[in-house]
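Below is one structure, written out as structure tokens, with a few remarks after it.
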Amino acid sequence: MRLLRSVLMLASLMSSFAASGEAARAADYPAGPVKIVVPYPAGGPSDFIARIVAQKLTEKLGGQFIVENLPGAGGAVGTATVAHAPADGRTIAIIVPDFVIAPIVKANVPFDPFKSFTPVIDIAAAPEMFSVNPAVPAANMKELLALLKANPGKYSYATPGYGTSPHLYAEWLFKLTYGLDVLNVPFQGALPAVQSTVAGQTQILPVVVTAVAPLIKDGKIRGLAVAAHKRSPAVPDVPTLDEQGIKGHEVGFWTGAVVPAGTPKAIVDLLHDRIAEIMTQPDVKARLAAIGFEPATGTSEEFGALLKAESDQWKKIVSDAQIRIN
């Protein structure tokens, strides 16, 4: 019994030392520059959001939070760089849905989204939506689905790449739900996909609302449906899929932050709390709203649950649609 008490006391002391060590590291944090890695080119929504976070964290925590764009392999290059960085909170990855999709559709992805990282926070989100070139004779999604059914193989949709979330959710709706024959035309990024649809080279565009809101307002693209539970303030006149009788196909484009697995919990908590505070600031909300995003903060655990739920959903869709990149 005496030995057991001694062992328990030693374990308690070790736990206390570990906790005090973590607290000390958090108190000193960042104690130098911190890289916020965006695994995509500059100018996109994740880059825009990362720069807001970097500026505000620098103001709140001192040190210097620096955005570094490391594009390549659909986000895998920059994300893998963070996965193999020291677990000291000095390297943060900004992630989007491709973070959980890439390991499902691609072979040999150099990271595991659940084993290689610790979730910090879900920062902001915007809905995906369906749009068409104005020459397409469809004013809403019901009319588009009827048009596609009557013309198998005639129409095509542009996506930011094979295996991206817009590709998967278009396959989910068109192929798996309605059995339609529509051609996916993958591009390298959202911009060329949008340009192709504006030019009429492709007719349909499933993409995040932020990529097309200004073009919808200018009449260069016709918005048909928002894939969310509520309308987007960026395109308030465009109804949701649910409003048009298409149930259970809500898909969001979220942007979050993760750090290498093993990063001290005190630092993860500190980053979470400061970023959550940043997202409540009126100027930040206004800057996000200008590109169609809304703050989507929750706990680190809730973000981890979101990542798991997204992974499970896309695994089923990828399997059913037989999508794979070798």
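In the structure tokens, the first chain shown is A, the next is B, and so on; residue numbers restart at 1 for each chain, and ligands run from 1 in the order shown.
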What lies within 9 Å of stretch 259-263 of chain A using only C-alpha atoms, ignoring chain neighbours under 2 positions off, as a JSON list (two decimals) with C-alpha atoms, in the first residue's frame?
```json
[["chain", "number", "residue", "atom", "x", "y", "z"],
["A", 82, "VAL", "CA", 3.90, 21.87, -41.14],
["A", 83, "ALA", "CA", 3.33, 18.20, -40.26],
["A", 84, "HIS", "CA", 7.10, 17.71, -39.99],
["A", 85, "ALA", "CA", 7.84, 21.00, -38.21],
["A", 86, "PRO", "CA", 8.78, 21.12, -34.50],
["A", 87, "ALA", "CA", 5.74, 20.86, -32.23],
["A", 88, "ASP", "CA", 6.39, 24.17, -30.47],
["A", 89, "GLY", "CA", 3.59, 26.38, -31.80],
["A", 90, "ARG", "CA", 5.96, 28.27, -34.07],
["A", 91, "THR", "CA", 4.49, 26.75, -37.26],
["A", 92, "ILE", "CA", 0.76, 26.88, -37.99],
["A", 93, "ALA", "CA", -1.09, 25.55, -41.04],
["A", 114, "PHE", "CA", -5.62, 13.17, -37.76],
["A", 115, "LYS", "CA", -2.30, 11.72, -36.58],
["A", 116, "SER", "CA", 0.03, 14.46, -37.86],
["A", 117, "PHE", "CA", -1.83, 17.48, -36.46],
["A", 118, "THR", "CA", -3.68, 18.96, -33.52],
["A", 119, "PRO", "CA", -6.77, 21.03, -34.40],
["A", 120, "VAL", "CA", -6.72, 24.62, -33.14],
["A", 257, "ALA", "CA", -5.88, 26.31, -38.26],
["A", 265, "LYS", "CA", -1.96, 22.09, -25.03],
["A", 266, "ALA", "CA", -1.37, 25.42, -23.29],
["A", 267, "ILE", "CA", -0.11, 26.89, -26.59],
["A", 268, "VAL", "CA", -2.98, 25.33, -28.57]]
```
Which residues are near A:Ile317? Cut-off 8 Å, only C-alpha atoms, ignore same chain within fewer than 3 positions. Put them as a list in words.
Leu168, Trp172, Gln313, Trp314, Asp320 and Ala321 of chain A
Print the selection's residues with N, CA and C atoms to a file, as a PDB file, in the first residue's frame.
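Output file again-v2.pdb is given in full below:
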```pdb
ATOM      1  N   LEU A 168     -16.293  16.900 -55.855  1.00  0.00           N
ATOM      2  CA  LEU A 168     -16.973  15.830 -55.128  1.00  0.00           C
ATOM      3  C   LEU A 168     -18.439  16.142 -54.877  1.00  0.00           C
ATOM      4  N   TRP A 172     -21.655  14.166 -56.212  1.00  0.00           N
ATOM      5  CA  TRP A 172     -22.655  13.727 -55.238  1.00  0.00           C
ATOM      6  C   TRP A 172     -24.064  14.085 -55.721  1.00  0.00           C
ATOM      7  N   GLN A 313     -17.877  11.740 -44.408  1.00  0.00           N
ATOM      8  CA  GLN A 313     -18.830  12.046 -45.486  1.00  0.00           C
ATOM      9  C   GLN A 313     -18.173  11.891 -46.850  1.00  0.00           C
ATOM     10  N   TRP A 314     -16.973  12.474 -47.012  1.00  0.00           N
ATOM     11  CA  TRP A 314     -16.314  12.430 -48.320  1.00  0.00           C
ATOM     12  C   TRP A 314     -15.835  11.017 -48.659  1.00  0.00           C
ATOM     13  N   ASP A 320     -18.523   5.755 -53.434  1.00  0.00           N
ATOM     14  CA  ASP A 320     -19.696   5.526 -54.264  1.00  0.00           C
ATOM     15  C   ASP A 320     -19.504   6.024 -55.691  1.00  0.00           C
ATOM     16  N   ALA A 321     -18.783   7.151 -55.835  1.00  0.00           N
ATOM     17  CA  ALA A 321     -18.558   7.732 -57.163  1.00  0.00           C
ATOM     18  C   ALA A 321     -17.308   7.171 -57.839  1.00  0.00           C
TER      19      ALA A 321
END
```
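Residues surrounding A:Ala289 within 12 Å are Pro45, Ile49, Ala124, Ala125, Ala126, Val209, Thr210, Ala213, Ser232, Pro233, Ala234, Val235, Met279, Pro282, Asp283, Val284, Lys285, Ala286, Arg287, Ile291, Gly292, Phe293, Glu294 and Pro295 of chain A [only C-alpha atoms; sequence separation below 2 positions excluded].
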Go ahead and dump the residues you just picked, C-alpha atoms, as a compact mmCIF listing (two decimals), in the first residue's frame.
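New file out-v9.txt:
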```
# COMPACT_ATOMS: atom_id res chain seq x y z
CA PRO A 45 -9.60 33.32 -49.55
CA ILE A 49 -7.96 35.10 -43.89
CA ALA A 124 -14.40 31.08 -40.96
CA ALA A 125 -16.72 29.49 -43.49
CA ALA A 126 -18.62 30.23 -46.68
CA VAL A 209 -19.72 31.66 -53.14
CA THR A 210 -16.80 34.06 -52.65
CA ALA A 213 -20.48 36.74 -55.89
CA SER A 232 -25.55 33.84 -48.15
CA PRO A 233 -25.35 37.59 -47.42
CA ALA A 234 -22.92 37.76 -50.37
CA VAL A 235 -25.70 36.69 -52.80
CA MET A 279 -13.05 36.76 -35.08
CA PRO A 282 -16.23 44.27 -35.91
CA ASP A 283 -13.51 45.21 -38.40
CA VAL A 284 -12.61 41.55 -38.90
CA LYS A 285 -16.26 40.56 -39.38
CA ALA A 286 -16.62 43.31 -41.97
CA ARG A 287 -13.50 42.20 -43.87
CA ILE A 291 -15.53 38.20 -49.39
CA GLY A 292 -18.60 36.20 -48.37
CA PHE A 293 -17.23 34.55 -45.22
CA GLU A 294 -18.62 34.44 -41.70
CA PRO A 295 -16.72 33.65 -38.47
```
I want to know what sits within 7 Å of A:Pro239, based on only C-alpha atoms, with residues of the same chain fewer than 3 positions away left out; could you give that as a PDB file with N, CA and C atoms, in the first residue's frame?
```
ATOM      1  N   ALA A 225     -28.158  28.276 -56.885  1.00  0.00           N
ATOM      2  CA  ALA A 225     -28.453  27.736 -55.554  1.00  0.00           C
ATOM      3  C   ALA A 225     -27.238  27.806 -54.656  1.00  0.00           C
ATOM      4  N   VAL A 226     -27.495  28.078 -53.395  1.00  0.00           N
ATOM      5  CA  VAL A 226     -26.465  28.060 -52.361  1.00  0.00           C
ATOM      6  C   VAL A 226     -26.596  26.755 -51.588  1.00  0.00           C
ATOM      7  N   ARG A 231     -29.489  31.398 -46.773  1.00  0.00           N
ATOM      8  CA  ARG A 231     -28.925  32.158 -47.879  1.00  0.00           C
ATOM      9  C   ARG A 231     -27.644  32.875 -47.446  1.00  0.00           C
ATOM     10  N   GLU A 243     -34.433  25.253 -50.225  1.00  0.00           N
ATOM     11  CA  GLU A 243     -35.601  26.034 -50.627  1.00  0.00           C
ATOM     12  C   GLU A 243     -36.189  25.521 -51.940  1.00  0.00           C
TER      13      GLU A 243
END
```
Nearby residues (only C-alpha atoms) at most 12 Å from stretch 189-192 of chain A, same-chain spacing under 5 positions excluded, as a PDB file with C-alpha atoms, in the first residue's frame:
```
ATOM      1  CA  TYR A  40      -1.933  27.735 -51.684  1.00  0.00           C
ATOM      2  CA  PRO A  41      -0.876  30.729 -53.814  1.00  0.00           C
ATOM      3  CA  GLY A  43      -4.580  36.021 -53.237  1.00  0.00           C
ATOM      4  CA  GLY A  44      -7.097  33.280 -52.434  1.00  0.00           C
ATOM      5  CA  PRO A  45      -9.597  33.320 -49.551  1.00  0.00           C
ATOM      6  CA  PRO A  71       1.649  25.933 -52.798  1.00  0.00           C
ATOM      7  CA  GLY A  72       1.971  22.642 -54.605  1.00  0.00           C
ATOM      8  CA  ALA A  73       0.230  19.282 -55.074  1.00  0.00           C
ATOM      9  CA  GLY A  74      -3.175  20.690 -54.190  1.00  0.00           C
ATOM     10  CA  GLY A  75      -2.019  21.914 -50.795  1.00  0.00           C
ATOM     11  CA  ALA A 158     -15.778  23.416 -64.309  1.00  0.00           C
ATOM     12  CA  THR A 159     -14.003  22.671 -61.033  1.00  0.00           C
ATOM     13  CA  PRO A 160     -10.818  23.913 -59.315  1.00  0.00           C
ATOM     14  CA  GLY A 161      -9.342  20.436 -59.781  1.00  0.00           C
ATOM     15  CA  TYR A 162     -10.093  16.728 -59.855  1.00  0.00           C
ATOM     16  CA  GLY A 163     -10.789  15.509 -56.334  1.00  0.00           C
ATOM     17  CA  THR A 164     -11.496  18.969 -54.874  1.00  0.00           C
ATOM     18  CA  SER A 165     -14.588  19.582 -52.771  1.00  0.00           C
ATOM     19  CA  PRO A 166     -16.527  21.275 -55.642  1.00  0.00           C
ATOM     20  CA  HIS A 167     -15.833  18.232 -57.834  1.00  0.00           C
ATOM     21  CA  THR A 197     -17.681  29.422 -67.251  1.00  0.00           C
ATOM     22  CA  VAL A 198     -17.872  33.164 -67.894  1.00  0.00           C
ATOM     23  CA  ALA A 199     -16.561  32.498 -71.430  1.00  0.00           C
ATOM     24  CA  GLN A 201     -16.468  27.027 -72.566  1.00  0.00           C
ATOM     25  CA  THR A 202     -18.007  25.172 -69.630  1.00  0.00           C
ATOM     26  CA  LEU A 205     -19.787  26.035 -62.009  1.00  0.00           C
ATOM     27  CA  PRO A 206     -19.868  24.475 -58.525  1.00  0.00           C
ATOM     28  CA  VAL A 207     -17.584  26.661 -56.403  1.00  0.00           C
ATOM     29  CA  VAL A 208     -17.428  28.622 -53.149  1.00  0.00           C
ATOM     30  CA  VAL A 209     -19.718  31.663 -53.136  1.00  0.00           C
ATOM     31  CA  THR A 210     -16.799  34.059 -52.653  1.00  0.00           C
ATOM     32  CA  ALA A 211     -15.389  33.171 -56.080  1.00  0.00           C
ATOM     33  CA  VAL A 212     -18.511  34.211 -57.986  1.00  0.00           C
ATOM     34  CA  LEU A 215     -19.771  38.165 -61.143  1.00  0.00           C
TER      35      LEU A 215
END
```
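Coordinates place atom CA of A:Pro110 at a distance of 29.7 Å from atom CA of A:Gln55.
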If DSSP is run on the backbone, what residues of stretch 54-288 of chain A are helix (DSSP H, G or I)? A reply as a JSON list (two decimals) with C-alpha atoms, in the first residue's frame would be ideal.
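Just written: states06.json:
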```json
[["chain", "number", "residue", "atom", "x", "y", "z"],
["A", 54, "ALA", "CA", -1.36, 37.08, -38.68],
["A", 55, "GLN", "CA", -1.79, 40.83, -38.32],
["A", 56, "LYS", "CA", -4.09, 40.54, -35.33],
["A", 57, "LEU", "CA", -2.02, 37.87, -33.54],
["A", 58, "THR", "CA", 1.06, 40.05, -33.92],
["A", 59, "GLU", "CA", -0.85, 42.88, -32.27],
["A", 60, "LYS", "CA", -2.20, 40.67, -29.48],
["A", 61, "LEU", "CA", 0.75, 38.41, -28.68],
["A", 73, "ALA", "CA", 0.23, 19.28, -55.07],
["A", 74, "GLY", "CA", -3.18, 20.69, -54.19],
["A", 75, "GLY", "CA", -2.02, 21.91, -50.80],
["A", 76, "ALA", "CA", -0.07, 18.79, -49.82],
["A", 77, "VAL", "CA", 3.38, 20.42, -50.03],
["A", 78, "GLY", "CA", 2.75, 23.20, -47.52],
["A", 79, "THR", "CA", 0.64, 21.01, -45.24],
["A", 80, "ALA", "CA", 3.32, 18.30, -45.10],
["A", 81, "THR", "CA", 5.90, 20.97, -44.24],
["A", 82, "VAL", "CA", 3.90, 21.87, -41.14],
["A", 83, "ALA", "CA", 3.33, 18.20, -40.26],
["A", 98, "ASP", "CA", -8.77, 19.55, -49.20],
["A", 99, "PHE", "CA", -6.98, 18.80, -45.92],
["A", 100, "VAL", "CA", -9.29, 15.83, -45.27],
["A", 101, "ILE", "CA", -10.17, 15.10, -48.91],
["A", 102, "ALA", "CA", -6.64, 14.69, -50.31],
["A", 103, "PRO", "CA", -5.77, 11.55, -48.29],
["A", 104, "ILE", "CA", -9.04, 9.98, -49.46],
["A", 105, "VAL", "CA", -8.66, 10.56, -53.20],
["A", 141, "MET", "CA", -31.72, 24.17, -59.91],
["A", 142, "LYS", "CA", -34.88, 22.25, -60.76],
["A", 143, "GLU", "CA", -34.72, 23.58, -64.31],
["A", 144, "LEU", "CA", -31.00, 22.77, -64.52],
["A", 145, "LEU", "CA", -31.54, 19.19, -63.38],
["A", 146, "ALA", "CA", -34.34, 18.75, -65.91],
["A", 147, "LEU", "CA", -32.12, 20.20, -68.65],
["A", 148, "LEU", "CA", -29.26, 17.83, -67.81],
["A", 149, "LYS", "CA", -31.60, 14.83, -67.71],
["A", 150, "ALA", "CA", -32.94, 15.70, -71.16],
["A", 165, "SER", "CA", -14.59, 19.58, -52.77],
["A", 166, "PRO", "CA", -16.53, 21.28, -55.64],
["A", 167, "HIS", "CA", -15.83, 18.23, -57.83],
["A", 168, "LEU", "CA", -16.97, 15.83, -55.13],
["A", 169, "TYR", "CA", -20.15, 17.66, -54.24],
["A", 170, "ALA", "CA", -21.10, 18.05, -57.92],
["A", 171, "GLU", "CA", -20.61, 14.30, -58.38],
["A", 172, "TRP", "CA", -22.65, 13.73, -55.24],
["A", 173, "LEU", "CA", -25.58, 15.76, -56.58],
["A", 174, "PHE", "CA", -25.43, 15.07, -60.31],
["A", 175, "LYS", "CA", -24.22, 11.48, -60.49],
["A", 176, "LEU", "CA", -25.06, 9.82, -57.18],
["A", 177, "THR", "CA", -28.33, 11.57, -56.34],
["A", 190, "ALA", "CA", -10.87, 28.33, -58.93],
["A", 191, "LEU", "CA", -9.96, 31.34, -61.10],
["A", 192, "PRO", "CA", -9.54, 29.48, -64.42],
["A", 193, "ALA", "CA", -12.69, 27.46, -63.68],
["A", 194, "VAL", "CA", -14.61, 30.69, -63.19],
["A", 195, "GLN", "CA", -13.10, 32.23, -66.34],
["A", 196, "SER", "CA", -14.06, 29.16, -68.38],
["A", 197, "THR", "CA", -17.68, 29.42, -67.25],
["A", 198, "VAL", "CA", -17.87, 33.16, -67.89],
["A", 199, "ALA", "CA", -16.56, 32.50, -71.43],
["A", 209, "VAL", "CA", -19.72, 31.66, -53.14],
["A", 210, "THR", "CA", -16.80, 34.06, -52.65],
["A", 211, "ALA", "CA", -15.39, 33.17, -56.08],
["A", 213, "ALA", "CA", -20.48, 36.74, -55.89],
["A", 214, "PRO", "CA", -19.16, 39.83, -57.76],
["A", 215, "LEU", "CA", -19.77, 38.17, -61.14],
["A", 216, "ILE", "CA", -23.33, 37.27, -60.18],
["A", 217, "LYS", "CA", -24.00, 40.87, -59.23],
["A", 242, "ASP", "CA", -33.25, 23.22, -49.59],
["A", 243, "GLU", "CA", -35.60, 26.03, -50.63],
["A", 244, "GLN", "CA", -35.77, 24.38, -54.06],
["A", 265, "LYS", "CA", -1.96, 22.09, -25.03],
["A", 266, "ALA", "CA", -1.37, 25.42, -23.29],
["A", 267, "ILE", "CA", -0.11, 26.89, -26.59],
["A", 268, "VAL", "CA", -2.98, 25.33, -28.57],
["A", 269, "ASP", "CA", -5.44, 26.82, -26.07],
["A", 270, "LEU", "CA", -3.74, 30.23, -26.23],
["A", 271, "LEU", "CA", -3.85, 30.30, -30.04],
["A", 272, "HIS", "CA", -7.47, 29.16, -30.02],
["A", 273, "ASP", "CA", -8.57, 31.81, -27.54],
["A", 274, "ARG", "CA", -6.76, 34.68, -29.27],
["A", 275, "ILE", "CA", -8.02, 33.74, -32.75],
["A", 276, "ALA", "CA", -11.56, 33.34, -31.39],
["A", 277, "GLU", "CA", -11.31, 36.85, -29.94],
["A", 278, "ILE", "CA", -10.04, 38.18, -33.26],
["A", 279, "MET", "CA", -13.05, 36.76, -35.08],
["A", 282, "PRO", "CA", -16.23, 44.27, -35.91],
["A", 283, "ASP", "CA", -13.51, 45.21, -38.40],
["A", 284, "VAL", "CA", -12.61, 41.55, -38.90],
["A", 285, "LYS", "CA", -16.26, 40.56, -39.38],
["A", 286, "ALA", "CA", -16.62, 43.31, -41.97],
["A", 287, "ARG", "CA", -13.50, 42.20, -43.87],
["A", 288, "LEU", "CA", -14.73, 38.60, -43.90]]
```
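Counting from atom CA of A:Gly179, the distance to atom CA of A:Lys316 is 16.5 Å.
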In Å and to one decimal, atom CA of A:Asp122 is distant from atom CA of A:Thr255 by 6.3 Å
